[in-house]
Amino acid sequence: MQPLPRGLKALGVLICLFLLPLAGLLAGCSGGGSDLSFATEYQAVFLDTGQVFFGKIGEASPDYLTLKDVYFVQRQVEPDKKAARNILMRLGSEWHGPDFMRINTRHIVRIEPVAPDSQVAKLIREAKAAPAAAAPAAATTPPPAAPGKGEKKTAPARR
């Protein structure tokens with residue numbers, strides 16, 4: 001067997017030095033092997049809408065992320081005091097009673113761990129320890145039906 005010509009040896013070296021590392025780099029950019037494991041029990045998922053959800057990350061695909069045991073902050077205004085306060089709410093008190101959510105990954109800005117000693121973690125522990133409290137009236141009472149198209153609004157009867 002004859003030794004390879006010098007030009008082919010140089011080509012082989014170029015392939016090894018440039019193309020193979022480039023192929024490895026491009027394979028790493030596919031996003032399929034992203035690690036979403038966190039050392040904390042809960043994670044904060046920030047969306048491009050400004051919403052933040054706190055929960056436990058479940059299944060993750062390139063298109064969707066499943067979040068379980070979900071909490072979110074709701075701003076509550078007290079009209080008599082003209083003051084506003086933030087309340088941590090658990091997902092599931094809505095009329096359709098969801099127990100998880102799937103988030104389109106295109107709308108996720110970032111994901112951060114929720115520290116066990118943070119205010120959010122403390123509020124979640126308090127909410128879990130408290131007996132099931134009644135949901136706010138707005139979440140349990142359907143709004144009055146608005147007249148549909150073609151229906152007339154009727155004035156209240158006069159006495």
# chains A, B, ... in the order shown; residues from 1 in each chain; ligands from 1
$ residues_around --residues "Asp69 in chain A" --least-positions-apart "6" --cutoff "7 Å" --atoms "only C-alpha atoms" --output "NGL selection string"
:A and (55-56 or 99-100)
$ residues_around --residues "Thr40 in chain A" --least-positions-apart "3" --cutoff "8 Å" --atoms "only C-alpha atoms" --output "list of chain:residue names"
A:Gln43, A:Pro113, A:Val114, A:Ala115, A:Pro116
$ write_last_selection --atoms "N, CA and C atoms" --output "PDB file, in the first residue's frame"
ATOM      1  N   GLN A  43     -39.740  27.170  40.507  1.00  0.00           N
ATOM      2  CA  GLN A  43     -39.062  28.042  39.559  1.00  0.00           C
ATOM      3  C   GLN A  43     -40.003  29.182  39.187  1.00  0.00           C
ATOM      4  N   PRO A 113     -34.609  30.130  39.552  1.00  0.00           N
ATOM      5  CA  PRO A 113     -34.994  29.350  40.740  1.00  0.00           C
ATOM      6  C   PRO A 113     -35.651  30.253  41.772  1.00  0.00           C
ATOM      7  N   VAL A 114     -36.576  29.692  42.547  1.00  0.00           N
ATOM      8  CA  VAL A 114     -37.185  30.404  43.665  1.00  0.00           C
ATOM      9  C   VAL A 114     -36.471  29.914  44.919  1.00  0.00           C
ATOM     10  N   ALA A 115     -35.749  30.807  45.573  1.00  0.00           N
ATOM     11  CA  ALA A 115     -34.983  30.442  46.767  1.00  0.00           C
ATOM     12  C   ALA A 115     -35.926  29.963  47.875  1.00  0.00           C
ATOM     13  N   PRO A 116     -35.557  28.905  48.584  1.00  0.00           N
ATOM     14  CA  PRO A 116     -36.422  28.361  49.642  1.00  0.00           C
ATOM     15  C   PRO A 116     -36.750  29.368  50.750  1.00  0.00           C
TER      16      PRO A 116
END
$ atom_distance --atom1 "CA of Thr49 in chain A" --atom2 "CA of Thr105 in chain A"
12.6 Å
$ residues_around --residues "range 81-97 of chain A" --least-positions-apart "3" --cutoff "6 Å" --atoms "only C-alpha atoms" --output "PDB file with N, CA and C atoms, in the first residue's frame"
ATOM      1  N   VAL A  70     -48.885  25.511  40.197  1.00  0.00           N
ATOM      2  CA  VAL A  70     -48.621  26.864  39.711  1.00  0.00           C
ATOM      3  C   VAL A  70     -49.253  27.934  40.605  1.00  0.00           C
ATOM      4  N   TYR A  71     -48.485  28.994  40.831  1.00  0.00           N
ATOM      5  CA  TYR A  71     -48.943  30.175  41.560  1.00  0.00           C
ATOM      6  C   TYR A  71     -48.616  31.410  40.732  1.00  0.00           C
ATOM      7  N   PHE A  72     -49.392  32.476  40.944  1.00  0.00           N
ATOM      8  CA  PHE A  72     -49.132  33.740  40.258  1.00  0.00           C
ATOM      9  C   PHE A  72     -49.547  34.880  41.174  1.00  0.00           C
ATOM     10  N   VAL A  73     -49.044  36.060  40.887  1.00  0.00           N
ATOM     11  CA  VAL A  73     -49.360  37.236  41.702  1.00  0.00           C
ATOM     12  C   VAL A  73     -50.509  37.987  41.042  1.00  0.00           C
ATOM     13  N   GLN A  74     -51.510  38.297  41.862  1.00  0.00           N
ATOM     14  CA  GLN A  74     -52.657  39.063  41.368  1.00  0.00           C
ATOM     15  C   GLN A  74     -52.756  40.342  42.182  1.00  0.00           C
ATOM     16  N   ARG A  75     -52.952  41.446  41.487  1.00  0.00           N
ATOM     17  CA  ARG A  75     -53.069  42.744  42.148  1.00  0.00           C
ATOM     18  C   ARG A  75     -54.522  42.952  42.535  1.00  0.00           C
ATOM     19  N   GLN A  76     -54.760  43.261  43.806  1.00  0.00           N
ATOM     20  CA  GLN A  76     -56.115  43.456  44.302  1.00  0.00           C
ATOM     21  C   GLN A  76     -56.244  44.886  44.817  1.00  0.00           C
ATOM     22  N   VAL A  77     -57.245  45.579  44.326  1.00  0.00           N
ATOM     23  CA  VAL A  77     -57.461  46.975  44.711  1.00  0.00           C
ATOM     24  C   VAL A  77     -58.618  47.035  45.697  1.00  0.00           C
ATOM     25  N   GLU A  78     -58.388  47.718  46.801  1.00  0.00           N
ATOM     26  CA  GLU A  78     -59.432  47.927  47.800  1.00  0.00           C
ATOM     27  C   GLU A  78     -60.015  49.322  47.569  1.00  0.00           C
TER      28      GLU A  78
END
$ residues_around --residues "Thr66 in chain A" --least-positions-apart "2" --cutoff "6 Å" --atoms "only C-alpha atoms" --output "MDAnalysis selection string"
chainID A and resid 57:59 101:102
$ atom_distance --atom1 "CA of Leu65 in chain A" --atom2 "CA of Ala121 in chain A"
21.0 Å
$ atom_distance --atom1 "CA of Lys128 in chain A" --atom2 "CA of His107 in chain A"
28.7 Å
$ closest_residue --among "A:Lys68, A:Tyr42, A:Pro79, A:Gln51" --to "Lys122 in chain A" --atoms "only C-alpha atoms"
A:Tyr42
$ closest_residue --among "A:Asp80, A:Phe38, A:Arg106, A:Phe46" --to "Ser61 in chain A" --atoms "only C-alpha atoms"
A:Arg106
